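The structure file query-v8.txt is reproduced below (compact mmCIF, C-alpha atoms).
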# COMPACT_ATOMS: atom_id res chain seq x y z
CA MET A 24 62.31 22.34 62.33
CA SER A 25 59.56 20.16 60.87
CA THR A 26 56.01 19.96 62.18
CA LEU A 27 53.80 16.98 62.97
CA LEU A 28 50.20 18.06 63.49
CA LEU A 29 48.16 15.32 65.18
CA LEU A 30 44.39 15.47 64.81
CA ARG A 31 42.11 13.30 66.89
CA HIS A 32 39.12 11.92 65.01
CA GLY A 33 35.69 13.48 65.43
CA GLN A 34 33.05 12.15 67.78
CA ALA A 35 32.23 8.50 67.12
CA ALA A 36 29.34 6.32 68.30
CA PHE A 37 30.60 5.47 71.79
CA GLY A 38 28.63 2.65 73.39
CA ALA A 39 26.78 1.79 70.16
CA ASP A 40 26.90 -1.62 68.52
CA HIS A 41 29.15 -0.12 65.84
CA TYR A 42 31.40 2.49 67.47
CA ASP A 43 33.74 2.99 64.53
CA GLN A 44 31.75 5.62 62.66
CA LEU A 45 31.41 9.36 62.97
CA SER A 46 28.28 10.80 64.51
CA PRO A 47 26.70 13.89 62.89
CA MET A 48 28.64 15.86 65.52
CA GLY A 49 31.84 14.14 64.42
CA HIS A 50 31.31 15.12 60.81
CA ALA A 51 30.66 18.74 61.86
CA GLN A 52 33.86 18.74 63.93
CA ALA A 53 35.91 17.46 60.98
CA GLU A 54 34.47 20.09 58.65
CA ALA A 55 35.08 22.87 61.20
CA THR A 56 38.69 21.75 61.56
CA GLY A 57 39.15 21.73 57.80
CA ARG A 58 37.78 25.27 57.54
CA PHE A 59 40.12 26.39 60.32
CA ILE A 60 43.13 24.94 58.49
CA ALA A 61 42.01 26.45 55.17
CA ASP A 62 41.43 29.89 56.68
CA ARG A 63 45.02 29.93 57.93
CA GLY A 64 46.44 28.83 54.62
CA TRP A 65 48.19 25.83 56.12
CA SER A 66 49.53 23.27 53.69
CA PHE A 67 51.06 19.85 54.26
CA ASP A 68 53.73 17.83 52.52
CA THR A 69 52.22 14.60 53.82
CA VAL A 70 48.74 13.67 55.05
CA LEU A 71 48.49 10.43 57.03
CA CYS A 72 45.60 8.59 58.63
CA GLY A 73 44.92 5.54 60.74
CA PRO A 74 42.91 2.65 59.24
CA ARG A 75 39.75 3.02 61.35
CA GLN A 76 36.57 4.25 59.67
CA ARG A 77 36.24 7.18 62.10
CA GLN A 78 39.83 8.25 61.36
CA GLN A 79 39.34 7.97 57.60
CA ALA A 80 36.05 9.89 57.66
CA THR A 81 37.60 12.66 59.76
CA ALA A 82 40.50 13.00 57.34
CA ALA A 83 38.10 13.11 54.39
CA GLY A 84 35.99 15.77 56.10
CA VAL A 85 39.04 17.94 56.73
CA LEU A 86 40.50 17.56 53.26
CA ALA A 87 37.15 18.37 51.63
CA GLN A 88 37.44 21.89 53.10
CA LEU A 89 40.92 22.52 51.70
CA PRO A 90 41.68 23.95 48.25
CA ALA A 91 41.93 21.15 45.70
CA ALA A 92 41.32 18.64 48.53
CA GLY A 93 44.59 19.68 50.10
CA GLY A 94 46.65 18.78 47.04
CA VAL A 95 48.28 15.84 48.82
CA PRO A 96 47.08 12.22 48.64
CA LEU A 97 45.93 10.59 51.87
CA ARG A 98 48.10 7.69 53.07
CA THR A 99 46.83 5.08 55.54
CA LEU A 100 49.23 3.81 58.21
CA THR A 101 48.60 1.03 60.72
CA ALA A 102 51.06 2.83 63.04
CA LEU A 103 48.33 5.45 63.55
CA ASP A 104 45.70 2.90 64.59
CA GLU A 105 44.13 2.94 68.06
CA PHE A 106 45.35 0.32 70.54
CA ALA A 107 41.90 -1.28 71.03
CA ASP A 108 38.29 -1.20 69.95
CA SER A 109 35.97 0.48 72.44
CA ALA A 110 33.67 -2.56 72.45
CA ALA A 111 36.54 -4.73 73.71
CA LEU A 112 37.36 -2.18 76.42
CA LEU A 113 33.71 -1.89 77.48
CA ALA A 114 33.44 -5.68 77.69
CA VAL A 115 36.44 -5.78 80.03
CA ALA A 116 35.00 -2.84 82.00
CA ARG A 117 31.72 -4.74 82.51
CA GLU A 118 33.63 -7.84 83.59
CA ARG A 119 35.69 -5.86 86.08
CA ALA A 120 32.47 -4.27 87.41
CA GLY A 121 30.99 -7.70 88.13
CA GLY A 122 29.02 -8.06 84.92
CA ILE A 123 26.53 -5.31 85.68
CA THR A 124 25.03 -3.20 82.92
CA LEU A 125 26.92 0.07 82.63
CA ALA A 126 25.35 3.30 81.42
CA GLY A 127 25.92 7.03 81.51
CA SER A 128 28.62 8.38 83.79
CA GLU A 129 29.15 4.96 85.40
CA ARG A 130 29.99 3.44 82.03
CA MET A 131 32.53 6.17 81.35
CA ARG A 132 34.02 5.86 84.84
CA HIS A 133 34.53 2.11 84.51
CA TYR A 134 35.76 2.51 80.92
CA MET A 135 38.50 4.96 81.93
CA ALA A 136 39.39 2.84 84.97
CA THR A 137 39.95 -0.06 82.58
CA VAL A 138 42.12 2.09 80.32
CA GLN A 139 44.19 3.12 83.35
CA ALA A 140 44.53 -0.51 84.46
CA TRP A 141 45.74 -1.39 80.95
CA ALA A 142 48.19 1.51 80.95
CA ASP A 143 49.48 0.43 84.38
CA GLY A 144 49.96 -3.14 83.17
CA ARG A 145 47.38 -4.50 85.65
CA VAL A 146 44.96 -5.72 82.96
CA GLU A 147 45.66 -7.71 79.79
CA ILE A 148 43.11 -7.52 76.98
CA ALA A 149 42.86 -10.22 74.33
CA GLN A 150 44.41 -9.20 70.98
CA VAL A 151 45.45 -5.83 72.43
CA PRO A 152 49.15 -4.93 72.80
CA SER A 153 50.51 -4.00 76.18
CA ALA A 154 50.75 -0.28 76.92
CA GLN A 155 54.53 -0.57 76.86
CA ALA A 156 54.51 -2.20 73.42
CA PHE A 157 51.98 0.32 72.08
CA GLN A 158 54.00 3.32 73.25
CA ARG A 159 57.21 1.78 71.90
CA GLU A 160 55.63 1.30 68.45
CA ALA A 161 54.37 4.89 68.40
CA GLY A 162 57.80 6.16 69.43
CA GLU A 163 59.52 4.10 66.76
CA TRP A 164 57.20 5.55 64.12
CA LEU A 165 58.06 9.08 65.26
CA GLN A 166 61.77 8.25 65.23
CA GLY A 167 61.39 7.06 61.64
CA LEU A 168 59.74 10.35 60.74
CA MET A 169 62.61 12.24 62.37
CA ALA A 170 65.18 10.15 60.52
CA ASP A 171 63.66 11.17 57.17
CA GLY A 172 65.86 14.25 57.39
CA ARG A 173 63.87 16.65 55.23
CA ALA A 174 63.96 20.04 56.92
CA GLY A 175 60.79 22.08 57.24
CA GLN A 176 58.33 19.35 56.32
CA ARG A 177 54.74 19.63 57.52
CA VAL A 178 52.86 16.42 58.31
CA LEU A 179 49.18 16.06 59.19
CA ALA A 180 48.27 12.78 60.90
CA VAL A 181 44.66 11.87 61.74
CA THR A 182 44.52 9.31 64.52
CA SER A 183 43.00 8.56 67.94
CA ALA A 184 43.42 9.58 71.57
CA GLY A 185 45.51 6.55 72.50
CA THR A 186 48.03 7.10 69.73
CA ILE A 187 48.30 10.82 70.47
CA SER A 188 48.82 10.07 74.16
CA ALA A 189 51.47 7.47 73.39
CA LEU A 190 53.34 9.94 71.18
CA VAL A 191 53.11 12.71 73.78
CA CYS A 192 54.47 10.37 76.46
CA ALA A 193 57.27 9.28 74.12
CA VAL A 194 58.23 12.91 73.40
CA LEU A 195 58.12 13.90 77.08
CA GLY A 196 59.90 10.77 78.30
CA LEU A 197 56.93 9.65 80.40
CA PRO A 198 56.07 6.02 81.22
CA PRO A 199 53.14 4.22 79.52
CA SER A 200 51.14 4.47 82.75
CA ARG A 201 50.68 8.20 82.06
CA MET A 202 48.88 7.61 78.75
CA ALA A 203 45.48 7.35 80.42
CA ASP A 204 45.94 10.80 81.99
CA PHE A 205 46.24 12.37 78.55
CA MET A 206 43.55 10.20 76.93
CA SER A 207 40.88 11.27 79.40
CA GLY A 208 41.07 14.92 78.36
CA ILE A 209 41.65 14.95 74.59
CA HIS A 210 38.75 16.58 72.75
CA ASN A 211 37.41 15.17 69.53
CA ALA A 212 39.05 16.97 66.57
CA ALA A 213 41.64 18.53 68.90
CA LEU A 214 45.05 19.44 67.48
CA THR A 215 48.38 18.48 69.06
CA GLU A 216 51.64 19.75 67.56
CA ILE A 217 55.10 18.21 67.73
CA VAL A 218 58.13 19.91 66.19
CA PHE A 219 61.16 17.86 65.25
CA ASN A 220 64.39 17.49 63.34
CA ARG A 221 66.88 14.62 63.06
CA GLU A 222 68.24 15.09 66.58
CA ARG A 223 65.29 15.99 68.78
CA CYS A 224 61.56 16.55 69.07
CA SER A 225 59.45 18.77 71.31
CA LEU A 226 55.79 19.17 72.20
CA ARG A 227 54.66 22.62 71.03
CA HIS A 228 51.05 22.37 72.12
CA PHE A 229 48.58 19.72 73.25
CA ASN A 230 44.81 19.26 72.83
CA GLY A 231 44.10 22.54 71.05
CA ALA A 232 40.35 22.91 70.52
CA GLY A 233 40.02 26.67 70.19
CA HIS A 234 38.99 26.25 66.55
CA LEU A 235 35.77 24.52 67.65
CA ASP A 236 32.67 26.37 68.81
CA THR A 237 31.53 25.52 72.33
CA GLY A 238 28.70 23.44 70.90
CA LEU A 239 31.21 21.25 69.08
CA LEU A 240 33.32 20.33 72.13
CA THR A 241 33.09 16.62 73.01
CA LEU A 242 35.40 14.04 74.55
CA MET A 243 34.11 10.70 73.23

Spit out the file's structure as structure tokens when you get a sec.
Amino acid sequence: MSTLLLLRHGQAAFGADHYDQLSPMGHAQAEATGRFIADRGWSFDTVLCGPRQRQQATAAGVLAQLPAAGGVPLRTLTALDEFADSAALLAVARERAGGITLAGSERMRHYMATVQAWADGRVEIAQVPSAQAFQREAGEWLQGLMADGRAGQRVLAVTSAGTISALVCAVLGLPPSRMADFMSGIHNAALTEIVFNRERCSLRHFNGAGHLDTGLLTLM
């Protein structure tokens, strides 16, 4: 069996004018994850990353902790991109809340309600694919990886909560509406593992954050 290790990016600047950047906490989470991987002697045949700045910076922080920068070049794939920018989702959340200013726990509550409405197909967001289309694209990428046919390959992919959730739903045969359930609980820099061969794939573990100290556990 081959292994796909999915890593969610570190904490970004949620709610800031420019979300797509790692916070100091996010950088610390990436470095801690890299040390965890190095301590276990894990190596990868392929290292992939989404195109967002927070994804790229997380991958760089991890690889910097590995011997000889991991020994494998980093490849950027649009298939590992997030489905939407948080600013676009927050704008829709404010609109759905009647245009009021959202802050703190209320902002997060309305944000996740908007994600669920998108996953259910009740809300369309400009320049954002439907949940069904997003999950289908993620599943097709995984099928392409399975079709590669090389036995025993190890792949590290740095991406975002939406992509990880779409892949988990695809593996488990769940509808797109379930993506929001997984997204709401994925920790920053958490590890999710999928094992696969040409014929089948299975979820080995989801949202592993045991490599992070309690002070490094965040969700957004």

Original post:
Expressed in Å to a single decimal, how great is the separation between CA of Ala149 in chain A and CA of Leu29 in chain A?
Top reply: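 Taking CA of Ala149 in chain A and CA of Leu29 in chain A, their separation equals 27.6 Å.
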
Original post:
So how far away is CA of Ala193 in chain A from CA of Met131 in chain A, in Å?
Top reply: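 About the pair CA of Met131 in chain A and CA of Ala193 in chain A: they are 26.0 Å apart.
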
Original post:
Taking all atoms listed in the file into account, which of A:Gly73, A:Gly231, A:Gly167, A:Gly33 comes nearest Ala53 in chain A?
Top reply: A:Gly33

**OP:** Kindly indicate which residue among A:Cys224, A:Ala116, A:Met202, A:Met135 lies nearest to Gln155 in chain A, using only C-alpha atoms for the distances.
**Re:** A:Met202

**OP:** Quote the spacing between CA of Arg58 in chain A and CA of Ala87 in chain A in Å to one decimal place.
**Re:** 9.1 Å

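Residues lying within 7 Å of Asp104 in chain A, counting all atoms listed in the file and ignoring same-chain neighbours fewer than 4 positions away, are Gly73, Pro74, Arg75 and Thr182 of chain A.
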
Let me see the file: selected residues, C-alpha atoms, as a short mmCIF file (atom, residue, chain, number, x, y, z; two decimals), keeping the file's coordinate frame.
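Output saved as out.cif:
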data_model
loop_
_atom_site.label_atom_id
_atom_site.label_comp_id
_atom_site.auth_asym_id
_atom_site.auth_seq_id
_atom_site.Cartn_x
_atom_site.Cartn_y
_atom_site.Cartn_z
CA GLY A 73 44.92 5.54 60.74
CA PRO A 74 42.91 2.65 59.24
CA ARG A 75 39.75 3.02 61.35
CA THR A 182 44.52 9.31 64.52
#

Original post:
Can you tell me, as a list in words, which residues sit within 6 Å of (48.4, 1.2, 83.3) in the file's frame, using all atoms listed in the file?
Top reply: Gln139, Ala140, Trp141, Ala142, Asp143, Gly144 and Ser200 of chain A

**OP:** Counting all atoms listed in the file, figure out which residue out of A:Ala111, A:Val95, A:Leu190, A:Met48 gets nearest to Ile148 in chain A.
**Re:**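 Residue with the minimum atom-to-atom distance to Ile148 in chain A: A:Ala111.
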
Original post:
Which residue out of A:Val146, A:Gln88, A:Gln166, A:Arg159 has the minimum interatomic distance to Arg223 in chain A when all atoms listed in the file are used?
Top reply: A:Gln166

For range 48-71 of chain A, supply N, CA and C atoms and report the output as a compact mmCIF listing (two decimals), in the coordinates of the input.
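Final output, selection-v6.txt:
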# COMPACT_ATOMS: atom_id res chain seq x y z
N MET A 48 27.73 14.93 64.84
CA MET A 48 28.64 15.86 65.52
C MET A 48 30.07 15.67 65.04
N GLY A 49 30.48 14.42 64.88
CA GLY A 49 31.84 14.14 64.42
C GLY A 49 32.12 14.69 63.04
N HIS A 50 31.14 14.57 62.15
CA HIS A 50 31.31 15.12 60.81
C HIS A 50 31.42 16.65 60.88
N ALA A 51 30.61 17.28 61.72
CA ALA A 51 30.66 18.74 61.86
C ALA A 51 32.01 19.17 62.42
N GLN A 52 32.55 18.41 63.35
CA GLN A 52 33.86 18.74 63.93
C GLN A 52 34.96 18.64 62.87
N ALA A 53 34.91 17.61 62.03
CA ALA A 53 35.91 17.46 60.98
C ALA A 53 35.84 18.62 59.99
N GLU A 54 34.63 18.99 59.60
CA GLU A 54 34.47 20.09 58.65
C GLU A 54 34.94 21.41 59.26
N ALA A 55 34.64 21.63 60.54
CA ALA A 55 35.08 22.87 61.20
C ALA A 55 36.60 22.93 61.27
N THR A 56 37.23 21.79 61.52
CA THR A 56 38.69 21.75 61.56
C THR A 56 39.28 22.03 60.19
N GLY A 57 38.68 21.48 59.16
CA GLY A 57 39.15 21.73 57.80
C GLY A 57 39.04 23.20 57.43
N ARG A 58 37.94 23.84 57.82
CA ARG A 58 37.78 25.27 57.54
C ARG A 58 38.82 26.08 58.30
N PHE A 59 39.10 25.70 59.52
CA PHE A 59 40.12 26.39 60.32
C PHE A 59 41.48 26.31 59.64
N ILE A 60 41.85 25.13 59.17
CA ILE A 60 43.13 24.94 58.49
C ILE A 60 43.17 25.74 57.19
N ALA A 61 42.06 25.71 56.44
CA ALA A 61 42.01 26.45 55.17
C ALA A 61 42.11 27.95 55.40
N ASP A 62 41.42 28.46 56.41
CA ASP A 62 41.43 29.89 56.68
C ASP A 62 42.83 30.40 57.01
N ARG A 63 43.65 29.53 57.57
CA ARG A 63 45.02 29.93 57.93
C ARG A 63 46.03 29.64 56.82
N GLY A 64 45.56 29.08 55.75
CA GLY A 64 46.44 28.83 54.62
C GLY A 64 47.48 27.76 54.87
N TRP A 65 47.22 26.88 55.83
CA TRP A 65 48.19 25.83 56.12
C TRP A 65 48.21 24.81 55.00
N SER A 66 49.37 24.34 54.68
CA SER A 66 49.53 23.27 53.69
C SER A 66 50.40 22.18 54.30
N PHE A 67 50.33 20.99 53.72
CA PHE A 67 51.06 19.85 54.26
C PHE A 67 51.79 19.12 53.14
N ASP A 68 52.98 18.65 53.46
CA ASP A 68 53.73 17.83 52.52
C ASP A 68 53.24 16.39 52.52
N THR A 69 52.70 15.96 53.66
CA THR A 69 52.22 14.60 53.82
C THR A 69 50.97 14.61 54.67
N VAL A 70 49.96 13.83 54.26
CA VAL A 70 48.74 13.67 55.05
C VAL A 70 48.57 12.17 55.32
N LEU A 71 48.55 11.82 56.60
CA LEU A 71 48.49 10.43 57.03
C LEU A 71 47.24 10.19 57.85
